[in-house]
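Listing of input-v9.cif, mmCIF, C-alpha atoms
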```cif
data_upload
loop_
_atom_site.label_atom_id
_atom_site.label_comp_id
_atom_site.auth_asym_id
_atom_site.auth_seq_id
_atom_site.Cartn_x
_atom_site.Cartn_y
_atom_site.Cartn_z
CA MET R 1 -90.32 -34.81 38.48
CA ASN R 2 -92.33 -31.59 38.91
CA SER R 3 -93.15 -32.52 42.49
CA MET R 4 -89.53 -33.44 43.14
CA ASN R 5 -88.43 -30.03 41.89
CA LEU R 6 -90.90 -28.38 44.24
CA LEU R 7 -89.62 -30.44 47.17
CA LEU R 8 -86.02 -29.52 46.30
CA LEU R 9 -87.00 -25.83 46.20
CA PHE R 10 -88.45 -26.16 49.69
CA ILE R 11 -85.28 -27.87 50.93
CA GLU R 12 -83.14 -25.13 49.34
CA ALA R 13 -85.24 -22.42 50.97
CA VAL R 14 -85.02 -24.03 54.42
CA PHE R 15 -81.27 -24.62 54.03
CA TYR R 16 -80.68 -21.03 52.90
CA PHE R 17 -82.81 -19.58 55.68
CA GLY R 18 -81.30 -21.78 58.36
CA PHE R 19 -77.72 -21.03 57.33
CA MET R 20 -78.21 -17.27 57.02
CA ILE R 21 -80.34 -16.95 60.14
CA GLY R 22 -77.60 -18.74 62.05
CA LEU R 23 -75.09 -16.09 60.96
CA LEU R 24 -77.59 -13.35 61.80
CA HIS R 25 -78.25 -14.81 65.23
CA MET R 26 -74.52 -15.07 66.00
CA ARG R 27 -73.67 -11.61 64.63
CA HIS R 28 -72.62 -10.30 68.02
CA ARG R 29 -70.21 -13.22 68.51
CA VAL R 30 -68.65 -13.59 65.06
CA GLY R 31 -69.26 -10.05 63.79
CA ILE R 32 -71.99 -8.75 61.53
CA GLY R 33 -69.51 -8.63 58.66
CA VAL R 34 -69.77 -12.42 58.31
CA PHE R 35 -73.51 -12.18 57.75
CA VAL R 36 -73.19 -9.23 55.33
CA THR R 37 -70.42 -10.90 53.32
CA ALA R 38 -72.35 -14.16 53.01
CA LEU R 39 -75.34 -12.16 51.85
CA GLY R 40 -73.27 -10.40 49.20
CA VAL R 41 -71.35 -13.32 47.70
CA MET R 42 -74.60 -15.08 46.81
CA HIS R 43 -75.62 -12.29 44.46
CA PHE R 44 -73.70 -13.59 41.43
CA LEU R 45 -75.15 -17.09 41.84
CA GLU R 46 -78.72 -15.87 42.20
CA THR R 47 -78.38 -13.62 39.13
CA TYR R 48 -76.80 -16.41 37.07
CA LEU R 49 -79.54 -18.86 38.02
CA ALA R 50 -82.25 -16.27 37.33
CA ALA R 51 -80.77 -15.68 33.87
CA VAL R 52 -80.24 -19.25 32.59
CA PHE R 53 -81.32 -21.90 35.13
CA TYR R 54 -85.01 -22.86 34.95
CA ILE R 55 -86.97 -25.82 36.24
CA GLN R 56 -90.51 -27.11 35.81
CA VAL R 57 -92.82 -27.18 38.84
CA PRO R 58 -96.56 -27.93 39.00
CA PHE R 59 -97.53 -24.27 38.50
CA GLY R 60 -95.04 -23.29 35.79
CA VAL R 61 -91.41 -22.70 34.85
CA ILE R 62 -89.31 -20.92 37.46
CA SER R 63 -85.73 -20.17 38.49
CA PRO R 64 -84.43 -21.01 41.99
CA GLY R 65 -82.18 -17.95 41.75
CA SER R 66 -85.13 -15.62 41.79
CA SER R 67 -87.67 -17.53 43.87
CA VAL R 68 -85.38 -18.97 46.56
CA LEU R 69 -82.18 -16.92 46.70
CA PHE R 70 -83.40 -13.42 45.88
CA SER R 71 -86.56 -13.77 47.97
CA GLY R 72 -84.44 -15.13 50.80
CA LYS R 73 -81.99 -12.26 50.57
CA LEU R 74 -84.81 -9.74 50.82
CA MET R 75 -86.13 -11.58 53.87
CA MET R 76 -82.68 -11.49 55.49
CA ILE R 77 -82.46 -7.73 54.94
CA LEU R 78 -85.85 -7.26 56.59
CA LEU R 79 -84.87 -9.47 59.52
CA LEU R 80 -81.60 -7.58 59.94
CA TYR R 81 -83.66 -4.39 60.17
CA VAL R 82 -86.05 -5.95 62.68
CA LYS R 83 -83.18 -7.20 64.86
CA GLU R 84 -81.02 -4.07 64.51
CA ASP R 85 -82.07 -0.76 62.89
CA ALA R 86 -82.06 1.20 59.65
CA GLY R 87 -78.52 2.46 60.21
CA VAL R 88 -77.18 -1.12 60.23
CA VAL R 89 -79.30 -2.58 57.43
CA ARG R 90 -78.33 0.08 54.91
CA ALA R 91 -74.72 -1.24 54.88
CA PRO R 92 -75.46 -4.41 52.84
CA ILE R 93 -77.95 -2.54 50.66
CA TYR R 94 -75.43 0.07 49.53
CA GLY R 95 -72.58 -2.45 49.56
CA LEU R 96 -74.34 -4.64 47.01
CA LEU R 97 -75.12 -1.69 44.80
CA ALA R 98 -71.53 -0.43 44.93
CA GLY R 99 -70.06 -3.89 44.32
CA ASN R 100 -72.12 -4.49 41.23
CA LEU R 101 -71.34 -1.04 39.85
CA LEU R 102 -67.71 -2.10 40.21
CA THR R 103 -68.46 -5.38 38.40
CA VAL R 104 -69.99 -3.59 35.43
CA GLY R 105 -67.15 -1.08 35.28
CA LEU R 106 -64.40 -3.71 35.39
CA GLY R 107 -66.27 -5.88 32.90
CA PHE R 108 -66.29 -2.98 30.47
CA ILE R 109 -62.54 -2.38 30.86
CA LEU R 110 -61.69 -6.10 30.56
CA ARG R 111 -63.12 -6.19 27.04
CA PHE R 112 -60.15 -4.17 25.80
CA HIS R 113 -57.58 -6.83 26.82
CA GLU R 114 -55.95 -8.99 24.17
CA THR R 115 -56.34 -12.47 25.61
CA VAL R 116 -54.30 -15.62 24.96
CA GLY R 117 -55.51 -19.21 24.93
CA VAL R 118 -54.12 -21.19 27.85
CA VAL R 119 -56.90 -23.64 28.75
CA PRO R 120 -57.59 -26.00 25.81
CA GLY R 121 -61.01 -25.54 24.29
CA ARG R 122 -61.92 -22.60 26.52
CA VAL R 123 -62.20 -18.94 25.56
CA PRO R 124 -63.40 -16.08 27.77
CA ASP R 125 -67.09 -15.29 27.23
CA LEU R 126 -67.06 -11.54 27.70
CA ALA R 127 -70.53 -11.21 26.21
CA PHE R 128 -71.75 -13.39 29.06
CA MET R 129 -69.91 -11.14 31.52
CA ASP R 130 -71.57 -8.06 30.03
CA GLU R 131 -74.98 -9.68 30.20
CA MET R 132 -74.48 -10.87 33.76
CA GLY R 133 -73.04 -7.52 34.82
CA TRP R 134 -76.03 -5.54 33.65
CA LEU R 135 -78.47 -8.07 35.06
CA MET R 136 -76.65 -7.94 38.40
CA LEU R 137 -76.73 -4.15 38.38
CA TRP R 138 -80.42 -4.08 37.50
CA GLY R 139 -81.18 -6.73 40.10
CA THR R 140 -79.26 -4.79 42.75
CA THR R 141 -81.08 -1.58 41.84
CA LEU R 142 -84.35 -3.43 42.30
CA LEU R 143 -83.02 -4.86 45.56
CA TYR R 144 -82.30 -1.32 46.75
CA LEU R 145 -85.87 -0.24 45.99
CA ASP R 146 -87.28 -3.50 47.34
CA SER R 147 -85.35 -3.17 50.60
CA LEU R 148 -86.59 0.35 51.25
CA ALA R 149 -90.13 -0.63 50.33
CA ILE R 150 -90.34 -3.80 52.42
CA ILE R 151 -89.02 -2.05 55.54
CA LEU R 152 -91.34 0.93 55.19
CA LEU R 153 -94.32 -1.28 54.37
CA TYR R 154 -93.50 -3.54 57.33
CA GLU R 155 -93.55 -0.49 59.61
CA ARG R 156 -96.74 0.87 58.08
CA LEU R 157 -98.51 -2.43 58.58
CA GLY R 158 -97.49 -2.29 62.22
CA ALA R 159 -100.40 0.07 62.83
CA ILE R 160 -102.79 -2.66 61.64
CA PHE R 161 -101.04 -5.90 62.66
CA ARG R 162 -99.16 -4.78 65.74
CA TYR R 163 -99.40 -8.17 67.40
CA GLN R 164 -99.20 -10.29 64.22
CA ILE R 165 -95.60 -9.89 63.19
CA THR R 166 -95.71 -12.87 60.79
CA ALA R 167 -98.65 -11.31 58.96
CA ARG R 168 -96.75 -8.04 58.60
CA ILE R 169 -93.75 -9.84 57.16
CA LEU R 170 -95.91 -11.91 54.81
CA LEU R 171 -97.94 -9.03 53.38
CA SER R 172 -94.85 -6.84 53.01
CA SER R 173 -93.01 -9.64 51.21
CA MET R 174 -95.87 -10.44 48.85
CA VAL R 175 -96.34 -6.84 47.77
CA VAL R 176 -92.65 -6.11 47.27
CA LEU R 177 -91.86 -9.43 45.56
CA THR R 178 -94.70 -8.77 43.11
CA PHE R 179 -93.11 -5.43 42.25
CA ASP R 180 -89.72 -7.12 41.93
CA GLN R 181 -91.06 -9.83 39.65
CA VAL R 182 -92.42 -7.24 37.25
CA GLY R 183 -89.15 -5.30 37.25
CA PHE R 184 -86.70 -8.21 36.94
CA PHE R 185 -88.75 -10.16 34.40
CA SER R 186 -88.85 -7.08 32.19
CA ALA R 187 -85.03 -7.11 32.08
CA LEU R 188 -84.91 -10.87 31.45
CA HIS R 189 -87.42 -10.55 28.64
CA PHE R 190 -85.58 -7.64 27.04
CA ILE R 191 -82.04 -9.07 27.38
CA ASN R 192 -82.60 -12.85 27.13
CA GLY R 193 -85.99 -13.09 25.45
CA VAL R 194 -87.50 -15.04 28.34
CA PRO R 195 -91.16 -15.90 27.49
CA LEU R 196 -94.13 -14.41 29.34
CA SER R 197 -95.12 -17.80 30.77
CA VAL R 198 -92.05 -17.61 33.02
CA PHE R 199 -93.43 -14.44 34.59
CA TRP R 200 -96.49 -16.14 36.07
CA GLY R 201 -94.60 -19.19 37.24
CA GLY R 202 -91.94 -17.00 38.82
CA TRP R 203 -94.55 -14.80 40.50
CA MET R 204 -96.34 -17.80 42.02
CA ALA R 205 -92.98 -19.19 43.20
CA LYS R 206 -92.15 -15.90 44.90
CA MET R 207 -95.55 -15.82 46.60
CA LEU R 208 -94.90 -19.36 47.85
CA ALA R 209 -91.42 -18.29 48.99
CA ALA R 210 -92.98 -15.34 50.84
CA VAL R 211 -95.22 -17.75 52.75
CA VAL R 212 -92.38 -20.16 53.61
CA TYR R 213 -89.90 -17.46 54.61
CA SER R 214 -92.50 -15.51 56.61
CA VAL R 215 -93.47 -18.57 58.62
CA LEU R 216 -89.81 -19.39 59.26
CA ALA R 217 -89.11 -15.77 60.20
CA GLY R 218 -92.08 -15.73 62.56
CA PHE R 219 -90.81 -18.86 64.31
CA TYR R 220 -87.31 -17.42 64.58
CA LEU R 221 -88.46 -14.08 65.99
CA ARG R 222 -90.62 -15.86 68.52
CA TYR R 223 -87.67 -18.07 69.43
CA SER R 224 -85.39 -15.06 69.80
CA SER R 225 -87.92 -13.42 72.16
CA LEU R 226 -88.80 -10.52 69.89
CA THR R 227 -92.38 -9.33 70.29
CA ALA R 228 -94.43 -7.40 67.78
CA ALA R 229 -94.69 -4.57 70.26
CA SER R 230 -90.99 -3.88 69.76
CA ALA R 231 -91.63 -2.53 66.27
CA SER R 232 -90.49 1.04 65.71
CA THR R 233 -92.80 3.91 66.60
CA ARG R 234 -90.71 6.43 64.62
CA PRO R 235 -92.30 8.28 61.69
CA LEU R 236 -91.75 6.58 58.33
CA SER R 237 -90.02 9.72 57.08
CA ASP R 238 -87.35 9.31 59.79
CA ILE R 239 -86.75 5.68 58.84
CA PHE R 240 -86.57 6.57 55.14
CA GLN R 241 -84.08 9.34 55.85
CA GLU R 242 -81.88 6.99 57.82
CA LEU R 243 -82.04 4.27 55.16
CA THR R 244 -81.04 6.75 52.46
CA PHE R 245 -78.35 8.50 54.56
CA ARG R 246 -80.50 11.62 54.59
CA GLU R 247 -79.93 12.00 58.33
CA ARG R 248 -76.17 12.18 57.66
CA TYR R 249 -76.82 15.17 55.42
CA GLU R 250 -79.13 16.68 57.99
CA ASP R 251 -76.51 16.14 60.69
CA LEU R 252 -73.83 17.76 58.52
CA LEU R 253 -76.14 20.68 57.84
CA ASP R 254 -76.94 20.96 61.52
CA ARG R 255 -73.25 21.02 62.44
CA SER R 256 -72.45 23.69 59.89
CA GLY R 257 -73.34 27.29 60.58
CA ARG R 258 -72.85 26.95 64.34
CA ASP R 259 -71.03 29.32 66.64
CA ALA R 260 -67.91 27.60 67.94
CA LEU R 261 -68.11 29.11 71.42
CA THR R 262 -71.76 28.79 72.39
CA GLY R 263 -72.93 26.00 70.10
CA VAL R 264 -75.97 27.94 68.83
CA TYR R 265 -76.42 28.82 65.18
CA ASP R 266 -74.43 31.72 63.77
CA ARG R 267 -75.45 34.79 61.81
CA SER R 268 -74.97 33.16 58.41
CA ARG R 269 -77.42 30.44 59.43
CA LEU R 270 -79.90 33.10 60.54
CA GLU R 271 -79.63 34.84 57.18
CA PHE R 272 -80.21 31.51 55.43
CA GLU R 273 -83.03 30.12 57.56
CA GLY R 274 -84.78 33.28 58.71
CA PRO R 275 -86.40 34.26 55.38
CA LYS R 276 -87.56 30.68 54.77
CA LEU R 277 -89.08 30.37 58.21
CA LEU R 278 -90.75 33.76 57.86
CA GLN R 279 -92.20 32.85 54.48
CA SER R 280 -93.52 29.53 55.79
CA GLN R 281 -95.32 31.37 58.59
CA VAL R 282 -96.82 33.86 56.13
CA ASP R 283 -98.00 31.00 53.91
CA ALA R 284 -99.58 29.31 56.93
CA GLY R 285 -101.37 32.52 57.90
CA THR R 286 -99.55 32.90 61.21
CA VAL R 287 -96.79 35.10 62.61
CA LEU R 288 -93.08 35.01 63.41
CA SER R 289 -91.65 36.88 66.37
CA LEU R 290 -88.01 37.86 66.69
CA LEU R 291 -86.14 38.63 69.90
CA ILE R 292 -82.75 40.36 70.05
CA ILE R 293 -81.03 39.73 73.38
CA ASP R 294 -77.99 41.79 74.40
CA ALA R 295 -75.85 41.15 77.50
CA ASP R 296 -75.66 44.38 79.51
CA HIS R 297 -72.22 45.88 80.21
CA PHE R 298 -70.54 42.80 78.76
CA LYS R 299 -67.50 44.81 77.67
CA ASP R 300 -66.81 45.52 81.33
CA VAL R 301 -66.70 41.79 82.06
CA ASN R 302 -64.11 41.23 79.34
CA ASP R 303 -62.04 44.27 80.35
CA VAL R 304 -62.00 43.52 84.09
CA PHE R 305 -62.01 39.73 84.23
CA GLY R 306 -60.63 38.71 80.84
CA HIS R 307 -62.07 37.13 77.74
CA LEU R 308 -62.10 33.58 79.13
CA ALA R 309 -64.33 34.72 81.98
CA GLY R 310 -66.47 36.57 79.45
CA ASP R 311 -66.77 33.41 77.39
CA ASP R 312 -68.08 31.54 80.44
CA VAL R 313 -70.68 34.24 81.02
CA LEU R 314 -71.84 33.99 77.40
CA LYS R 315 -72.10 30.21 77.64
CA GLY R 316 -74.16 30.53 80.79
CA THR R 317 -76.40 33.12 79.15
CA VAL R 318 -77.02 30.91 76.10
CA ALA R 319 -77.73 27.90 78.29
CA CYS R 320 -80.30 29.90 80.23
CA ILE R 321 -81.93 31.11 77.01
CA GLY R 322 -82.16 27.50 75.82
CA ARG R 323 -83.92 26.43 79.02
CA ASN R 324 -86.56 29.13 78.67
CA ILE R 325 -87.67 28.86 75.04
CA ARG R 326 -89.98 26.39 73.32
CA ALA R 327 -88.70 23.25 71.61
CA GLY R 328 -89.20 24.69 68.14
CA ASP R 329 -87.64 28.11 68.79
CA ARG R 330 -84.20 28.71 67.27
CA VAL R 331 -81.31 30.66 68.78
CA TYR R 332 -78.56 32.39 66.79
CA ARG R 333 -75.49 34.30 67.84
CA PHE R 334 -75.95 37.58 65.99
CA GLY R 335 -72.61 39.04 66.97
CA GLY R 336 -70.49 39.59 70.08
CA GLU R 337 -72.85 39.44 73.04
CA GLU R 338 -76.06 39.69 70.95
CA PHE R 339 -78.36 36.74 70.28
CA VAL R 340 -81.47 36.39 68.14
CA VAL R 341 -84.36 34.04 68.91
CA LEU R 342 -86.95 33.18 66.23
CA CYS R 343 -90.33 32.11 67.59
CA ALA R 344 -92.67 30.69 64.94
CA GLY R 345 -96.38 31.11 65.59
CA LEU R 346 -95.84 33.33 68.63
CA ALA R 347 -97.79 36.61 68.57
CA ARG R 348 -96.42 39.84 70.04
CA PRO R 349 -97.96 39.58 73.58
CA GLU R 350 -96.77 35.98 74.00
CA ALA R 351 -93.36 36.86 72.54
CA ALA R 352 -93.03 39.74 75.01
CA ASP R 353 -93.94 37.37 77.87
CA ARG R 354 -91.35 34.88 76.62
CA ALA R 355 -88.71 37.62 76.48
CA GLU R 356 -89.58 38.68 80.02
CA THR R 357 -89.23 35.09 81.23
CA ILE R 358 -85.78 34.89 79.64
CA ARG R 359 -84.73 38.21 81.14
CA ARG R 360 -85.77 37.24 84.66
CA ALA R 361 -84.19 33.78 84.40
CA ILE R 362 -80.83 35.19 83.29
CA GLY R 363 -80.88 37.75 86.07
CA LYS R 364 -81.48 35.01 88.66
CA THR R 365 -79.13 32.28 87.42
CA VAL R 366 -76.25 33.81 85.43
CA LEU R 367 -73.54 35.50 87.52
CA ARG R 368 -70.54 37.57 86.57
CA PRO R 369 -67.12 36.59 87.99
CA ASP R 370 -67.59 39.19 90.77
CA GLY R 371 -70.83 37.51 91.88
CA LYS R 372 -73.13 40.18 90.49
CA ALA R 373 -76.15 39.18 88.45
CA MET R 374 -75.81 39.27 84.69
CA THR R 375 -78.63 41.22 83.07
CA VAL R 376 -79.87 41.49 79.50
CA SER R 377 -81.88 43.94 77.41
CA ILE R 378 -84.31 42.55 74.84
CA GLY R 379 -86.05 44.02 71.82
CA VAL R 380 -89.08 42.24 70.32
CA ALA R 381 -90.56 42.45 66.82
CA CYS R 382 -93.45 40.59 65.18
CA SER R 383 -94.14 40.00 61.49
CA ASP R 384 -97.80 41.04 61.60
CA ALA R 385 -96.90 44.60 62.63
CA ASP R 386 -93.21 45.18 61.92
CA GLY R 387 -92.74 43.90 58.39
CA GLY R 388 -92.68 40.85 56.18
CA THR R 389 -88.92 40.53 55.76
CA LEU R 390 -86.15 39.37 58.06
CA ASN R 391 -84.36 42.71 57.75
CA ALA R 392 -87.52 44.57 58.74
CA LEU R 393 -87.90 42.44 61.87
CA LEU R 394 -84.23 42.83 62.76
CA SER R 395 -84.43 46.57 62.31
CA ALA R 396 -87.55 46.91 64.47
CA ALA R 397 -86.22 44.64 67.22
CA ASP R 398 -82.84 46.40 67.18
CA ALA R 399 -84.49 49.80 67.60
CA ARG R 400 -86.41 48.50 70.61
CA LEU R 401 -83.29 46.92 72.04
CA TYR R 402 -81.55 50.28 72.06
CA GLN R 403 -84.64 51.86 73.52
CA ALA R 404 -84.33 49.36 76.38
CA LYS R 405 -80.70 50.36 76.85
CA ARG R 406 -81.56 54.05 76.87
CA ASP R 407 -84.25 53.38 79.47
CA GLY R 408 -81.72 51.84 81.85
CA ARG R 409 -81.11 48.29 80.55
CA ASP R 410 -82.34 45.03 82.13
CA ARG R 411 -85.73 45.31 80.49
CA VAL R 412 -87.89 44.20 77.51
CA VAL R 413 -89.29 46.60 74.92
CA SER R 414 -91.84 45.13 72.52
CA ALA R 415 -93.64 48.16 71.11
#
```

For the file at hand, write its structure as structure tokens.
Amino acid sequence: MNSMNLLLLFIEAVFYFGFMIGLLHMRHRVGIGVFVTALGVMHFLETYLAAVFYIQVPFGVISPGSSVLFSGKLMMILLLYVKEDAGVVRAPIYGLLAGNLLTVGLGFILRFHETVGVVPGRVPDLAFMDEMGWLMLWGTTLLYLDSLAIILLYERLGAIFRYQITARILLSSMVVLTFDQVGFFSALHFINGVPLSVFWGGWMAKMLAAVVYSVLAGFYLRYSSLTAASASTRPLSDIFQELTFRERYEDLLDRSGRDALTGVYDRSRLEFEGPKLLQSQVDAGTVLSLLIIDADHFKDVNDVFGHLAGDDVLKGTVACIGRNIRAGDRVYRFGGEEFVVLCAGLARPEAADRAETIRRAIGKTVLRPDGKAMTVSIGVACSDADGGTLNALLSAADARLYQAKRDGRDRVVSA
């Protein structure tokens, strides 16, 4: 009988994998929602089986809900990530967590109903609902952590097993399923009094499931023409941020504090970011340079040609600034026709050279509506000589900007 149970577990695992991988493979034809929904509706069954349904196998007492269904679900999440990306795979992860929060909440409210007997010999077992609800919520919380961990570990192992994708899947699964077994068994032991012997049997079953599912996944990925070299080369921090929606926050932050006309950051963003950037440079033992760029005679452009023409000149000026700064430099619209550039790690001589490059480029490429060259005056300040605060740098650069204007405009003053 023990051997028969083991054979049935293997059949269940193959059936589960084959059915779900079919939905995953056809996601572009039938829609990925079919795959995600099928993944979600199995959660109640796997939690129920893990709570009360146990069988004897040669190496101990186990539950198919935990060893076959939960392990399989985790494998499907990893394969969805491999075939798609972090932005897609987070949908079922957060959907399961949200759905089971809803289950627990509704289960709590349902307890206050006054029920009536309609089905002979049957009464609602709300205690069972409470127990299942909390187990489902705990299991989904673990699934959330497991899903993040298995994806990040899979990517990390890519540096070691770049051309052994099955090995990456196997090792990732074994590590994460071990963590999951500790976490979920603790809940089962606390809530249902499940004995410790079940822990070891369940752990061995999950390790066996990791082997079976990894081999099946390896065959599928080879069949679907996915090579190990296609694994992501992005930093793990980027993948983690995308899995946890952090990039949505970063995108929202990036969109806020921008000047509507030119698209660069506005003065409020400068006042927020400038002190932090300056302090980080001080802590690193390096410098921060600040450039104030002012469009010469810009009021004349607005007065003669109109504000729409002036707006086009400003956009052209900003675009030219962007083409002539480093990737890490940040541009802010300080007000009107004035712009500030923060250059981390750039000492005064290099900052002055950068300002001169910007000035010459604008003079050559940005034209007023009358065809004349647009010129700019630039003042430069550096934290190692002009002060350790943003206001001190702004004040020093502003004074040099006006010195440039007094000297005839279309020039850079850095000292």

Fewer than 6 positions away in the same chain doesn't count, so skip those; otherwise give me all residues within 8 Å of Leu39 in chain R, counting only C-alpha atoms, as a CSV table (one decimal) with C-alpha atoms, keeping the file's coordinate frame.
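Dumped to result_34.csv:
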```
chain,number,residue,atom,x,y,z
R,20,MET,CA,-78.2,-17.3,57.0
R,73,LYS,CA,-82.0,-12.3,50.6
R,92,PRO,CA,-75.5,-4.4,52.8
```

Worksheet entry | Residues returned when the PyMOL selection byres ((chain R and resi 343) around 8) runs on this file, as a PyMOL selection string | chain R and resi 288-290+328-330+341-342+344-346+351

Output file for the residues above (C-alpha atoms, as a compact mmCIF listing (two decimals), in the coordinates of the input):
```
# COMPACT_ATOMS: atom_id res chain seq x y z
CA LEU R 288 -93.08 35.01 63.41
CA SER R 289 -91.65 36.88 66.37
CA LEU R 290 -88.01 37.86 66.69
CA GLY R 328 -89.20 24.69 68.14
CA ASP R 329 -87.64 28.11 68.79
CA ARG R 330 -84.20 28.71 67.27
CA VAL R 341 -84.36 34.04 68.91
CA LEU R 342 -86.95 33.18 66.23
CA ALA R 344 -92.67 30.69 64.94
CA GLY R 345 -96.38 31.11 65.59
CA LEU R 346 -95.84 33.33 68.63
CA ALA R 351 -93.36 36.86 72.54
```

Worksheet entry | For Val198 in chain R: contacts at 8 Å, only C-alpha atoms, fewer than 6 positions along chain excluded, given as a ChimeraX atom specification | /R:60-62

Fill in: Target residues per the PyMOL selection byres ((chain R and resi 385-392) around 12), formatted as a PyMOL selection string
chain R and resi 270-283+286-291+340+342+347-348+380-384+393-400+414-415

Worksheet item: Using the chain letters and numbers from the file, which residues does the PyMOL selection byres ((chain R and resi 372-376) around 12) grab, as a PyMOL selection string?
Response: chain R and resi 291-298+300-301+310+312-314+316-318+320-321+337-339+355-371+377-379+401-402+404-405+408-413

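Counting from CA of Ser71 in chain R, the distance to CA of Leu177 in chain R is 7.3 Å.
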
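Interatomic distance, CA of Thr166 in chain R to CA of Leu23 in chain R: 20.9 Å.
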
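Here CA of Leu45 in chain R stands at a distance of 15.6 Å from CA of Leu188 in chain R.
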
Find the residues near Tyr265 in chain R: any atom within 8 Å, counting only C-alpha atoms, skip ones fewer than 3 places away on the same chain, and give them as a compact mmCIF listing (two decimals) with C-alpha atoms, in the coordinates of the input.
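Generated output (selection11.txt):
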```
# COMPACT_ATOMS: atom_id res chain seq x y z
CA GLY R 257 -73.34 27.29 60.58
CA ARG R 258 -72.85 26.95 64.34
CA ASP R 259 -71.03 29.32 66.64
CA ARG R 269 -77.42 30.44 59.43
CA LEU R 270 -79.90 33.10 60.54
CA VAL R 331 -81.31 30.66 68.78
CA TYR R 332 -78.56 32.39 66.79
CA ARG R 333 -75.49 34.30 67.84
```

Using all atoms listed in the file, list the residues that have an atom at most 12 Å from (-80.2, -7.1, 61.7), coordinates as in the file, as a PDB file with C-alpha atoms, in the frame of the given file.
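selection_33.pdb, written as the output of this step:
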```pdb
ATOM      1  CA  MET R  20     -78.210 -17.270  57.020  1.00  0.00           C
ATOM      2  CA  ILE R  21     -80.340 -16.950  60.140  1.00  0.00           C
ATOM      3  CA  GLY R  22     -77.600 -18.740  62.050  1.00  0.00           C
ATOM      4  CA  LEU R  23     -75.090 -16.090  60.960  1.00  0.00           C
ATOM      5  CA  LEU R  24     -77.590 -13.350  61.800  1.00  0.00           C
ATOM      6  CA  HIS R  25     -78.250 -14.810  65.230  1.00  0.00           C
ATOM      7  CA  MET R  26     -74.520 -15.070  66.000  1.00  0.00           C
ATOM      8  CA  ARG R  27     -73.670 -11.610  64.630  1.00  0.00           C
ATOM      9  CA  HIS R  28     -72.620 -10.300  68.020  1.00  0.00           C
ATOM     10  CA  GLY R  31     -69.260 -10.050  63.790  1.00  0.00           C
ATOM     11  CA  ILE R  32     -71.990  -8.750  61.530  1.00  0.00           C
ATOM     12  CA  GLY R  33     -69.510  -8.630  58.660  1.00  0.00           C
ATOM     13  CA  PHE R  35     -73.510 -12.180  57.750  1.00  0.00           C
ATOM     14  CA  VAL R  36     -73.190  -9.230  55.330  1.00  0.00           C
ATOM     15  CA  MET R  75     -86.130 -11.580  53.870  1.00  0.00           C
ATOM     16  CA  MET R  76     -82.680 -11.490  55.490  1.00  0.00           C
ATOM     17  CA  ILE R  77     -82.460  -7.730  54.940  1.00  0.00           C
ATOM     18  CA  LEU R  78     -85.850  -7.260  56.590  1.00  0.00           C
ATOM     19  CA  LEU R  79     -84.870  -9.470  59.520  1.00  0.00           C
ATOM     20  CA  LEU R  80     -81.600  -7.580  59.940  1.00  0.00           C
ATOM     21  CA  TYR R  81     -83.660  -4.390  60.170  1.00  0.00           C
ATOM     22  CA  VAL R  82     -86.050  -5.950  62.680  1.00  0.00           C
ATOM     23  CA  LYS R  83     -83.180  -7.200  64.860  1.00  0.00           C
ATOM     24  CA  GLU R  84     -81.020  -4.070  64.510  1.00  0.00           C
ATOM     25  CA  ASP R  85     -82.070  -0.760  62.890  1.00  0.00           C
ATOM     26  CA  ALA R  86     -82.060   1.200  59.650  1.00  0.00           C
ATOM     27  CA  GLY R  87     -78.520   2.460  60.210  1.00  0.00           C
ATOM     28  CA  VAL R  88     -77.180  -1.120  60.230  1.00  0.00           C
ATOM     29  CA  VAL R  89     -79.300  -2.580  57.430  1.00  0.00           C
ATOM     30  CA  ARG R  90     -78.330   0.080  54.910  1.00  0.00           C
ATOM     31  CA  ALA R  91     -74.720  -1.240  54.880  1.00  0.00           C
ATOM     32  CA  PRO R  92     -75.460  -4.410  52.840  1.00  0.00           C
ATOM     33  CA  ILE R 151     -89.020  -2.050  55.540  1.00  0.00           C
ATOM     34  CA  LEU R 221     -88.460 -14.080  65.990  1.00  0.00           C
TER      35      LEU R 221
END
```

Worksheet entry | Pick from R:Tyr94, R:Phe53, R:Phe10, R:Phe179 nearest to Gly40 in chain R, counting all atoms listed in the file |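 With all atoms listed in the file as the atom set, the closest residue is R:Tyr94.
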
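Shortest atom-to-atom contact with Val14 in chain R among R:Ile169, R:Val41, R:Val215, R:Val176: R:Val215, counting all atoms listed in the file.
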
Worksheet entry | Expected answer as a ChimeraX atom specification: all residues with atoms within 9 Å of (-93.9, -17.4, 46.9), all atoms listed in the file | /R:67-68,71,173-174,177,202-213

Practice prompt. May I ask which of the residues R:Pro58, R:Phe17, R:Ala50, R:Leu97 is the closest one to Met4 in chain R, counting all atoms listed in the file?
Written response: R:Pro58

Discussion item. Calculated over all atoms listed in the file, which of the candidates R:Pro195, R:Ile109, R:Ile160, R:His43 has the smallest distance to Trp138 in chain R?
Written reply: R:His43
